[in-house]
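For reference, input26.txt (compact mmCIF, C-alpha atoms):
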```txt
# COMPACT_ATOMS: atom_id res chain seq x y z
CA MET Z 1 -30.92 116.47 13.36
CA LYS Z 2 -32.46 116.82 9.90
CA LYS Z 3 -28.99 116.70 8.39
CA TYR Z 4 -28.22 113.45 10.20
CA LEU Z 5 -31.50 111.87 9.12
CA LEU Z 6 -30.91 112.97 5.53
CA LEU Z 7 -27.39 111.54 5.67
CA LEU Z 8 -28.73 108.29 7.12
CA GLY Z 9 -31.35 108.15 4.41
CA CYS Z 10 -28.70 108.62 1.73
CA VAL Z 11 -26.59 105.85 3.25
CA PHE Z 12 -29.63 103.57 3.25
CA LEU Z 13 -30.41 104.55 -0.32
CA VAL Z 14 -26.93 103.70 -1.56
CA ALA Z 15 -26.84 100.48 0.46
CA ASN Z 16 -30.26 99.55 -0.86
CA VAL Z 17 -29.23 100.11 -4.46
CA PHE Z 18 -26.27 97.76 -3.99
CA ALA Z 19 -28.39 95.23 -2.12
CA GLN Z 20 -30.82 95.01 -5.04
CA GLN Z 21 -28.17 94.19 -7.62
CA PRO Z 22 -29.20 91.04 -9.45
CA PRO Z 23 -27.03 87.99 -8.81
CA PHE Z 24 -24.11 87.43 -11.15
CA ASN Z 25 -25.12 85.61 -14.27
CA GLN Z 26 -22.62 84.27 -16.80
CA LYS Z 27 -25.03 85.10 -19.62
CA ASP Z 28 -24.92 88.81 -18.81
CA LEU Z 29 -21.20 89.08 -19.49
CA ASN Z 30 -20.35 91.39 -22.32
CA THR Z 31 -17.61 89.62 -24.23
CA SER Z 32 -17.96 91.58 -27.47
CA GLY Z 33 -15.52 94.29 -26.50
CA LYS Z 34 -18.12 96.96 -27.41
CA LYS Z 35 -19.43 99.51 -24.99
CA ASP Z 36 -22.94 100.65 -24.14
CA ILE Z 37 -24.69 97.51 -25.17
CA ARG Z 38 -28.08 97.01 -23.65
CA PRO Z 39 -28.50 93.72 -21.76
CA GLU Z 40 -31.17 92.45 -24.14
CA LYS Z 41 -28.74 92.77 -27.02
CA LEU Z 42 -26.10 90.61 -25.40
CA LYS Z 43 -25.48 87.28 -27.04
CA PRO Z 44 -25.53 84.55 -24.44
CA ILE Z 45 -22.40 82.46 -24.15
CA GLU Z 46 -23.06 78.86 -25.08
CA PRO Z 47 -22.35 76.61 -22.10
CA VAL Z 48 -19.56 74.10 -22.59
CA VAL Z 49 -20.79 70.52 -22.56
CA ALA Z 50 -18.47 69.02 -20.00
CA LYS Z 51 -20.02 65.61 -19.54
CA VAL Z 52 -19.91 63.60 -22.72
CA ALA Z 53 -20.26 59.84 -22.78
CA PHE Z 54 -22.06 57.48 -25.10
CA SER Z 55 -22.44 53.78 -25.68
CA ALA Z 56 -24.30 52.28 -28.62
CA LEU Z 57 -25.12 48.65 -29.24
CA LEU Z 58 -25.47 46.99 -32.62
CA ILE Z 59 -27.03 43.54 -32.53
CA GLY Z 60 -26.39 41.45 -35.61
CA PRO Z 61 -25.62 39.32 -37.34
CA ARG Z 62 -24.67 41.80 -40.01
CA GLU Z 63 -22.51 40.95 -42.96
CA LEU Z 64 -20.00 43.65 -43.72
CA ILE Z 65 -19.83 44.27 -47.43
CA LEU Z 66 -17.65 46.89 -49.03
CA GLY Z 67 -19.74 49.78 -50.35
CA VAL Z 68 -22.85 49.14 -48.26
CA ASP Z 69 -24.03 52.05 -46.08
CA GLY Z 70 -21.29 54.23 -47.54
CA ASN Z 71 -18.76 52.02 -45.77
CA ILE Z 72 -19.88 53.42 -42.43
CA LEU Z 73 -21.11 51.30 -39.55
CA ARG Z 74 -24.65 52.65 -39.29
CA ARG Z 75 -28.01 51.58 -37.89
CA PHE Z 76 -27.09 50.81 -34.32
CA THR Z 77 -29.81 48.88 -32.54
CA ARG Z 78 -30.05 50.99 -29.41
CA MET Z 79 -28.27 53.49 -27.20
CA GLU Z 80 -27.18 52.47 -23.74
CA PHE Z 81 -26.54 56.07 -22.76
CA ASN Z 82 -25.85 59.29 -24.59
CA GLU Z 83 -24.76 62.09 -22.26
CA GLY Z 84 -24.30 65.23 -24.31
CA ASN Z 85 -26.43 63.77 -27.13
CA GLY Z 86 -23.38 63.46 -29.35
CA PHE Z 87 -24.08 60.07 -30.92
CA ASP Z 88 -26.68 59.39 -33.59
CA ALA Z 89 -27.58 55.71 -33.67
CA VAL Z 90 -29.08 55.84 -37.16
CA SER Z 91 -26.12 57.38 -38.93
CA GLY Z 92 -23.52 55.93 -36.56
CA VAL Z 93 -21.88 59.34 -36.30
CA PHE Z 94 -20.61 60.88 -33.10
CA THR Z 95 -20.56 64.68 -33.23
CA ALA Z 96 -18.37 66.17 -30.52
CA PRO Z 97 -20.60 68.46 -28.39
CA SER Z 98 -17.49 70.27 -27.17
CA ALA Z 99 -13.81 70.43 -27.93
CA GLY Z 100 -11.59 68.10 -25.96
CA PHE Z 101 -9.60 64.90 -25.68
CA TYR Z 102 -11.77 61.84 -26.11
CA CYS Z 103 -11.48 58.12 -25.48
CA LEU Z 104 -13.16 55.75 -27.93
CA VAL Z 105 -13.83 52.08 -27.21
CA LEU Z 106 -14.92 49.43 -29.69
CA ASN Z 107 -15.88 45.82 -29.05
CA ALA Z 108 -16.89 43.52 -31.87
CA ASP Z 109 -18.02 39.90 -31.71
CA MET Z 110 -17.47 38.05 -34.95
CA PRO Z 111 -18.29 34.53 -36.05
CA ASN Z 112 -15.09 32.80 -36.99
CA TYR Z 113 -14.06 32.30 -40.59
CA GLY Z 114 -14.13 28.93 -42.22
CA CYS Z 115 -10.93 29.71 -44.12
CA VAL Z 116 -8.30 28.06 -41.97
CA GLN Z 117 -5.57 28.59 -44.54
CA ASP Z 118 -6.27 32.24 -45.06
CA PRO Z 119 -7.15 34.03 -41.87
CA VAL Z 120 -7.65 37.72 -42.50
CA PRO Z 121 -8.36 40.49 -40.03
CA LEU Z 122 -11.33 42.79 -40.08
CA GLY Z 123 -10.04 46.27 -40.74
CA MET Z 124 -11.81 49.06 -38.89
CA TYR Z 125 -11.11 52.70 -39.63
CA VAL Z 126 -11.85 55.44 -37.17
CA MET Z 127 -13.15 58.20 -39.43
CA LYS Z 128 -12.69 61.81 -38.42
CA ASN Z 129 -14.74 64.25 -40.48
CA ASN Z 130 -15.13 61.63 -43.20
CA LEU Z 131 -11.38 61.11 -43.46
CA ARG Z 132 -9.56 57.95 -42.47
CA HIS Z 133 -7.89 58.72 -39.17
CA GLN Z 134 -6.76 55.41 -37.67
CA LEU Z 135 -6.90 51.80 -38.80
CA PHE Z 136 -7.22 48.81 -36.51
CA HIS Z 137 -6.87 45.21 -37.61
CA LEU Z 138 -9.25 43.10 -35.58
CA PRO Z 139 -8.26 39.44 -35.66
CA VAL Z 140 -10.93 37.02 -36.82
CA GLY Z 141 -10.79 33.46 -35.56
CA TYR Z 142 -11.24 30.38 -37.71
CA GLY Z 143 -13.41 27.35 -37.44
CA SER Z 144 -16.76 27.39 -35.74
CA GLY Z 145 -17.70 29.60 -32.83
CA SER Z 146 -17.11 33.30 -32.38
CA SER Z 147 -14.40 35.54 -31.06
CA SER Z 148 -14.21 39.06 -29.72
CA ALA Z 149 -11.86 41.83 -30.67
CA GLY Z 150 -11.72 45.53 -30.08
CA PHE Z 151 -9.63 48.58 -29.46
CA VAL Z 152 -9.25 51.64 -27.30
CA THR Z 153 -7.96 54.86 -28.75
CA PHE Z 154 -7.67 58.52 -27.88
CA ILE Z 155 -8.53 61.36 -30.19
CA GLN Z 156 -8.43 65.15 -30.02
CA LEU Z 157 -11.66 66.68 -31.30
CA ASN Z 158 -12.89 70.18 -31.93
CA LYS Z 159 -16.50 71.06 -31.33
CA SER Z 160 -18.72 69.54 -34.07
CA ASP Z 161 -16.00 67.21 -35.33
CA LYS Z 162 -17.58 64.01 -36.57
CA VAL Z 163 -16.35 60.52 -35.76
CA SER Z 164 -17.62 57.26 -37.19
CA LEU Z 165 -16.42 53.73 -37.91
CA SER Z 166 -15.69 52.42 -41.36
CA PRO Z 167 -15.18 48.67 -41.74
CA LEU Z 168 -12.72 47.38 -44.28
CA PRO Z 169 -14.10 43.92 -44.87
CA LEU Z 170 -11.82 41.51 -46.65
CA GLY Z 171 -13.13 38.20 -47.83
CA CYS Z 172 -11.09 35.10 -47.14
CA SER Z 173 -10.32 32.51 -49.74
CA PRO Z 174 -11.43 30.10 -50.96
CA GLY Z 175 -15.03 31.11 -51.20
CA GLY Z 176 -14.68 34.79 -50.45
CA GLN Z 177 -16.41 34.54 -47.10
CA GLN Z 178 -17.24 38.00 -45.81
CA PRO Z 179 -16.72 39.04 -42.19
CA VAL Z 180 -19.84 39.24 -40.10
CA VAL Z 181 -20.37 41.01 -36.81
CA SER Z 182 -22.78 39.46 -34.36
CA GLN Z 183 -22.50 42.34 -31.91
CA VAL Z 184 -20.75 45.70 -31.85
CA ILE Z 185 -20.49 48.07 -28.92
CA PHE Z 186 -19.18 51.53 -29.76
CA SER Z 187 -18.55 53.78 -26.77
CA GLY Z 188 -16.70 56.94 -26.00
CA TYR Z 189 -16.26 59.69 -23.49
CA LYS Z 190 -14.59 63.01 -23.05
CA ILE Z 191 -11.51 62.76 -20.87
CA MET Z 192 -10.72 66.48 -20.59
CA MET E 1 -39.18 112.47 6.16
CA LEU E 2 -40.66 109.54 8.06
CA SER E 3 -42.14 108.03 4.92
CA PHE E 4 -38.75 108.45 3.25
CA ILE E 5 -37.04 106.44 5.97
CA LEU E 6 -39.89 103.93 6.14
CA SER E 7 -39.60 103.29 2.43
CA PHE E 8 -36.00 102.20 2.95
CA VAL E 9 -36.96 100.12 5.93
CA LEU E 10 -39.55 98.35 3.79
CA LEU E 11 -37.07 97.95 0.97
CA PHE E 12 -34.58 96.41 3.37
CA ALA E 13 -37.25 94.06 4.58
CA ALA E 14 -37.39 92.38 1.16
CA PRO E 15 -36.68 88.67 1.74
CA VAL E 16 -33.53 87.10 0.37
CA ASN E 17 -34.18 84.29 -2.06
CA ALA E 18 -32.31 81.29 -0.70
CA ASP E 19 -32.19 79.67 -4.15
CA GLU E 20 -29.95 82.45 -5.39
CA LEU E 21 -27.27 81.68 -2.87
CA ILE E 22 -24.30 79.86 -4.26
CA THR E 23 -24.15 76.49 -2.59
CA GLU E 24 -21.75 74.67 -4.92
CA GLN E 25 -19.28 72.57 -3.04
CA ALA E 26 -15.84 71.74 -4.28
CA VAL E 27 -15.27 68.05 -4.90
CA PRO E 28 -12.41 66.91 -2.70
CA ALA E 29 -9.35 65.95 -4.68
CA GLY E 30 -8.77 62.24 -5.09
CA SER E 31 -12.33 61.24 -4.33
CA ARG E 32 -12.97 59.75 -7.76
CA PRO E 33 -13.63 56.03 -7.43
CA VAL E 34 -10.69 54.13 -8.90
CA PHE E 35 -9.63 50.56 -8.39
CA SER E 36 -7.16 48.14 -9.89
CA ALA E 37 -6.56 44.57 -8.75
CA GLU E 38 -4.50 41.63 -9.97
CA MET E 39 -4.85 37.88 -9.80
CA LYS E 40 -1.54 36.17 -10.45
CA GLU E 41 -1.56 32.42 -10.03
CA ARG E 42 -2.28 29.49 -12.28
CA ARG E 43 -5.90 28.52 -12.20
CA THR E 44 -7.85 26.06 -14.17
CA THR E 45 -10.52 27.40 -16.43
CA ASP E 46 -12.34 24.14 -16.61
CA ASN E 47 -15.82 24.78 -15.51
CA SER E 48 -18.11 21.99 -16.21
CA ARG E 49 -20.40 23.62 -13.72
CA ARG E 50 -23.10 25.77 -15.22
CA GLY E 51 -22.26 29.44 -15.62
CA GLY E 52 -18.52 29.24 -15.15
CA GLU E 53 -16.26 30.49 -12.41
CA LEU E 54 -16.43 33.85 -10.73
CA LEU E 55 -13.11 35.64 -10.72
CA GLN E 56 -12.34 36.15 -7.05
CA GLY E 57 -9.45 35.83 -4.64
CA TYR E 58 -7.35 38.54 -6.26
CA THR E 59 -3.78 38.37 -5.05
CA ARG E 60 -2.86 42.05 -5.09
CA VAL E 61 -4.67 45.37 -5.02
CA GLU E 62 -2.90 48.19 -6.79
CA LYS E 63 -5.41 50.92 -6.12
CA ASN E 64 -8.66 51.06 -4.23
CA GLU E 65 -9.88 54.64 -3.74
CA GLY E 66 -12.87 54.61 -1.45
CA GLN E 67 -12.54 50.87 -0.81
CA VAL E 68 -14.92 50.17 -3.69
CA PHE E 69 -13.37 46.82 -4.59
CA ASP E 70 -13.31 43.66 -2.49
CA PRO E 71 -10.40 41.46 -3.64
CA ALA E 72 -11.72 38.41 -1.80
CA THR E 73 -15.04 38.31 -3.62
CA GLY E 74 -13.92 40.23 -6.71
CA ILE E 75 -16.89 42.55 -6.38
CA PHE E 76 -16.73 46.21 -7.34
CA THR E 77 -19.52 48.05 -5.53
CA VAL E 78 -20.52 51.20 -7.35
CA PRO E 79 -20.25 54.13 -4.93
CA ALA E 80 -22.17 56.72 -6.96
CA ASP E 81 -24.38 56.99 -10.03
CA GLY E 82 -22.35 57.60 -13.16
CA VAL E 83 -20.52 56.26 -16.17
CA TYR E 84 -17.61 53.93 -15.49
CA HIS E 85 -14.75 52.69 -17.62
CA LEU E 86 -13.84 49.11 -16.74
CA THR E 87 -10.97 47.15 -18.17
CA GLY E 88 -9.74 43.61 -17.76
CA ARG E 89 -6.73 41.68 -18.99
CA PHE E 90 -6.34 37.93 -19.08
CA THR E 91 -3.28 35.83 -19.74
CA ILE E 92 -4.41 32.46 -20.96
CA GLY E 93 -2.30 29.41 -21.54
CA CYS E 94 -2.54 27.62 -24.85
CA TYR E 95 -4.18 24.25 -25.18
CA GLN E 96 -2.14 21.34 -26.36
CA CYS E 97 -5.16 19.69 -27.84
CA ARG E 98 -4.36 19.03 -31.43
CA THR E 99 -7.29 16.72 -31.74
CA ARG E 100 -9.56 16.82 -34.73
CA GLU E 101 -12.44 17.85 -32.52
CA PHE E 102 -10.68 20.89 -31.15
CA LEU E 103 -9.19 21.93 -34.45
CA ASP E 104 -12.60 21.79 -36.06
CA LEU E 105 -14.44 23.25 -33.11
CA PRO E 106 -12.10 25.72 -31.47
CA VAL E 107 -13.22 26.96 -28.12
CA SER E 108 -12.96 30.41 -26.70
CA PHE E 109 -12.12 31.69 -23.28
CA ASP E 110 -15.20 33.66 -22.34
CA VAL E 111 -15.31 36.51 -19.87
CA THR E 112 -18.66 37.98 -18.87
CA VAL E 113 -19.24 41.21 -17.00
CA MET E 114 -21.77 40.38 -14.28
CA LYS E 115 -24.01 43.08 -12.88
CA ASN E 116 -25.85 42.26 -9.66
CA ASN E 117 -25.20 38.55 -10.28
CA SER E 118 -26.76 38.64 -13.75
CA PRO E 119 -24.75 38.42 -16.96
CA THR E 120 -24.70 41.51 -19.16
CA TYR E 121 -24.30 41.47 -22.92
CA HIS E 122 -20.69 42.43 -22.31
CA ARG E 123 -19.26 39.00 -23.00
CA PHE E 124 -15.85 38.60 -24.54
CA MET E 125 -14.87 35.47 -26.40
CA PHE E 126 -11.11 35.34 -26.45
CA PRO E 127 -9.65 32.77 -28.83
CA VAL E 128 -7.60 29.97 -27.29
CA ASP E 129 -4.59 28.69 -29.23
CA TYR E 130 -3.49 25.11 -29.55
CA THR E 131 0.25 25.31 -29.61
CA GLY E 132 2.79 25.06 -26.85
CA MET E 133 3.84 22.53 -24.29
CA GLU E 134 2.40 23.68 -21.04
CA SER E 135 4.90 21.80 -18.89
CA ILE E 136 8.04 22.95 -20.74
CA ASN E 137 7.48 26.33 -22.26
CA PRO E 138 3.94 27.43 -21.80
CA ASN E 139 2.69 29.52 -24.61
CA LYS E 140 0.47 32.26 -23.36
CA ARG E 141 -1.77 34.79 -24.95
CA ALA E 142 -2.98 37.99 -23.36
CA HIS E 143 -6.39 39.39 -24.12
CA GLU E 144 -8.11 42.45 -22.81
CA PHE E 145 -11.44 44.16 -22.81
CA ASN E 146 -12.73 47.65 -22.21
CA VAL E 147 -16.31 48.61 -21.46
CA LEU E 148 -18.23 51.72 -20.56
CA LEU E 149 -21.14 51.14 -18.22
CA GLN E 150 -23.72 53.48 -16.83
CA LEU E 151 -24.20 52.32 -13.27
CA LYS E 152 -26.19 53.19 -10.21
CA ALA E 153 -24.92 53.48 -6.65
CA GLY E 154 -24.97 50.07 -5.02
CA ASP E 155 -24.65 48.09 -8.24
CA GLN E 156 -22.25 45.19 -7.90
CA ILE E 157 -19.94 44.31 -10.76
CA ARG E 158 -17.78 41.20 -11.02
CA LEU E 159 -16.29 39.02 -13.73
CA ARG E 160 -17.07 35.47 -14.68
CA TYR E 161 -14.97 33.28 -16.91
CA GLN E 162 -15.37 29.94 -18.54
CA SER E 163 -13.84 27.75 -21.15
CA LYS E 164 -14.22 24.24 -22.36
CA LYS E 165 -12.04 21.51 -20.99
CA CYS E 166 -9.81 20.17 -23.69
CA SER E 167 -9.49 16.66 -22.37
CA PRO E 168 -9.68 15.07 -18.91
CA GLU E 169 -6.04 15.98 -18.33
CA LYS E 170 -5.77 19.24 -20.16
CA ASP E 171 -7.24 22.54 -19.15
CA ALA E 172 -6.90 25.98 -20.59
CA TYR E 173 -5.12 27.62 -17.71
CA LEU E 174 -5.60 31.16 -16.60
CA TYR E 175 -2.29 32.62 -15.42
CA GLU E 176 -2.99 36.24 -14.76
CA ALA E 177 -5.92 38.58 -14.66
CA THR E 178 -6.31 42.24 -13.85
CA PHE E 179 -9.53 44.10 -13.28
CA SER E 180 -9.56 47.87 -13.09
CA GLY E 181 -12.14 50.61 -13.23
CA MET E 182 -12.78 54.27 -12.68
CA GLN E 183 -15.64 56.68 -12.75
CA ILE E 184 -15.47 59.01 -15.72
CA ASN E 185 -18.69 61.00 -15.39
```
Please express the file's structure as structure tokens.
Amino acid sequence: MKKYLLLLGCVFLVANVFAQQPPFNQKDLNTSGKKDIRPEKLKPIEPVVAKVAFSALLIGPRELILGVDGNILRRFTRMEFNEGNGFDAVSGVFTAPSAGFYCLVLNADMPNYGCVQDPVPLGMYVMKNNLRHQLFHLPVGYGSGSSSAGFVTFIQLNKSDKVSLSPLPLGCSPGGQQPVVSQVIFSGYKIM
Amino acid sequence: MLSFILSFVLLFAAPVNADELITEQAVPAGSRPVFSAEMKERRTTDNSRRGGELLQGYTRVEKNEGQVFDPATGIFTVPADGVYHLTGRFTIGCYQCRTREFLDLPVSFDVTVMKNNSPTYHRFMFPVDYTGMESINPNKRAHEFNVLLQLKAGDQIRLRYQSKKCSPEKDAYLYEATFSGMQIN
């Protein structure tokens, strides 16, 4: 009888030890390849930021002059949303919180030029890590009134890659009128 | 011996924390809200009435996951909180108004994204050209927009358009329009 009770006790003991195992936690994984590392020494794995989406609004009018603000579209008026906290409205720089394939959307409202004979587009570079990555020619209307232009593009980014917009303002002749934006909306999101 | 067994009984009696149970549910495939609709017929864009015309009466629905879009009213009803990518495309006929007034004061074809019947700052001013003979060989221009919106469940999104009438006989015609959207986050 004693033997059976002892055996039962041992079974309970083993079962109890397994039952008290802490729940699986991703942070406790040892990914260093080393053995015998105490849990407190483990370096937690940084979670991947899966949801990334931002939209920033710039309310003008703002004249775009070559050389101003380091040729970067800075000083956005406000953020509409900033999931992943990747966009900085002051510097106008989006820093990818995680690696992935991103969609960028730009909308710009521009007062029309007065230079009917010499319509010029507003060039807009997508800058990737301070290098010119893509150039878009946004058509500017002529006469009075305003017109809208924009683009959609896709871009592969590594974590911490930086994306910004760099206008290439060309004056029209005669008079050298500079392009002006009355409103800019710069948005983006991670596709995958 | 009894205390030994009792200790295990007490240990076994420790309550299970319900919060530690994994309750994550897989999102069913294809449940992401997606819609795409088309309006394909010539319509006048003259809207002397205040606020312009609401784009409704779409003629074809390409995709409507979750029945989030009503082609009759042109209303997209947001099914869940999130960020949405909306896109629209408009094929606009050219004016034939080569009058001094319209050359000096060109008009735009304006599309506004309406949220719960109020205009948002997402307004697109597409330029209207002046060339082309509408009755013989209509010149058309296509314009498009893309927006990202953070929306709440139940929000209603629709499009409004307006343009200035060129002359009593001449309108800037709208020939085609598509309106599509999907939830991205």
**Study point:** Residues within 12 Å of (-14.5, 50.1, -44.7), file coords, all atoms listed in the file, listed as a PyMOL selection string
**Key:** chain Z and resi 64-74+122-127+130-132+134-137+164-170+179
Please report as a tab-separated table every residue of chain Z lying within 6 Å of chain E, along with the nearest atom pair and their distance in Å (one decimal), using all atoms listed in the file.
```
residue	atom	partner	partner_atom	distance
Z:Gly143	CA	E:Asp104	CA	5.8
Z:Ser144	CA	E:Leu105	CA	5.4
Z:Ser147	CA	E:Met125	CA	4.7
Z:Ser148	CA	E:Met125	CA	4.9
```
Check your understanding: For E:Cys94, which residue among E:Thr120, E:Ser163, E:Ser36, E:Thr77 is the nearest when counting all atoms listed in the file?
Key ->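 With all atoms listed in the file as the atom set, the closest residue is E:Ser163.
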Practice item. Kindly give the distance, in Å, that separates atom CA of Z:Glu80 and atom CA of Z:Val52, rounded to a single decimal. Key: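 For atom CA of Z:Glu80 relative to atom CA of Z:Val52, the distance reads 13.3 Å.
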Practice item. Please indicate the distance in Å from atom CA of E:Gly181 to atom CA of Z:Asn82, rounded to one decimal place. Key: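 If I compute the distance from atom CA of E:Gly181 to atom CA of Z:Asn82, I get 19.8 Å.
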Practice item. Measuring atom to atom with only C-alpha atoms, identify which of E:Val61, E:Ser180, E:Phe35, E:Thr87 is nearest to Z:Phe151. Key: E:Thr87
Check your understanding: Do you have the atom CA of Z:Ile59-atom CA of Z:Tyr189 distance handy?
Key ->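 Separation of atom CA of Z:Ile59 and atom CA of Z:Tyr189: 21.4 Å.
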With only C-alpha atoms counted, which protein, DNA or RNA residues have an atom no more than 9 Å from (-16.4, 58.3, -10.0) in the file frame? Please answer as a short mmCIF file (atom, residue, chain, number, x, y, z; two decimals) with C-alpha atoms, keeping the file's coordinate frame.
```cif
data_model
loop_
_atom_site.label_atom_id
_atom_site.label_comp_id
_atom_site.auth_asym_id
_atom_site.auth_seq_id
_atom_site.Cartn_x
_atom_site.Cartn_y
_atom_site.Cartn_z
CA SER E 31 -12.33 61.24 -4.33
CA ARG E 32 -12.97 59.75 -7.76
CA PRO E 33 -13.63 56.03 -7.43
CA VAL E 34 -10.69 54.13 -8.90
CA VAL E 78 -20.52 51.20 -7.35
CA PRO E 79 -20.25 54.13 -4.93
CA ALA E 80 -22.17 56.72 -6.96
CA ASP E 81 -24.38 56.99 -10.03
CA GLY E 82 -22.35 57.60 -13.16
CA VAL E 83 -20.52 56.26 -16.17
CA TYR E 84 -17.61 53.93 -15.49
CA MET E 182 -12.78 54.27 -12.68
CA GLN E 183 -15.64 56.68 -12.75
CA ILE E 184 -15.47 59.01 -15.72
CA ASN E 185 -18.69 61.00 -15.39
#
```
**Study point:** Nearest to Z:Ala53 by atom-to-atom distance, counting all atoms listed in the file, from Z:Gly92, Z:Gly145, Z:Gly150, Z:Gly188
**Key:** Z:Gly188
Could you pull the residues within 8 Å of E:Arg43, counting only C-alpha atoms, minus those fewer than 2 positions along the same chain, as a PDB file with C-alpha atoms, in the coordinates of the input?
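File written: out_26.pdb
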```pdb
ATOM      1  CA  GLU E  41      -1.560  32.420 -10.030  1.00  0.00           C
ATOM      2  CA  THR E  45     -10.520  27.400 -16.430  1.00  0.00           C
ATOM      3  CA  TYR E 173      -5.120  27.620 -17.710  1.00  0.00           C
ATOM      4  CA  LEU E 174      -5.600  31.160 -16.600  1.00  0.00           C
ATOM      5  CA  TYR E 175      -2.290  32.620 -15.420  1.00  0.00           C
TER       6      TYR E 175
END
```
Exercise for review: Quick one: everything within 8 Å of Z:Ser182, counting only C-alpha atoms, minus sequence neighbours fewer than 3 positions away in the same chain. Send it as a PyMOL selection string.
Suggested key: chain Z and resi 59-62+108-111
Exercise for review: Name the closest residue to E:Ile157 among the candidates E:Asp129, E:Tyr95, E:Val68, E:Glu176; distances are taken between atoms, counting all atoms listed in the file.
Suggested key: E:Val68
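Comparing the minimum interatomic distances between E:Gln156 and each of E:Phe90, E:Asn139, E:Pro119, E:Thr178, counting all atoms listed in the file, we find that E:Pro119 sits nearest.
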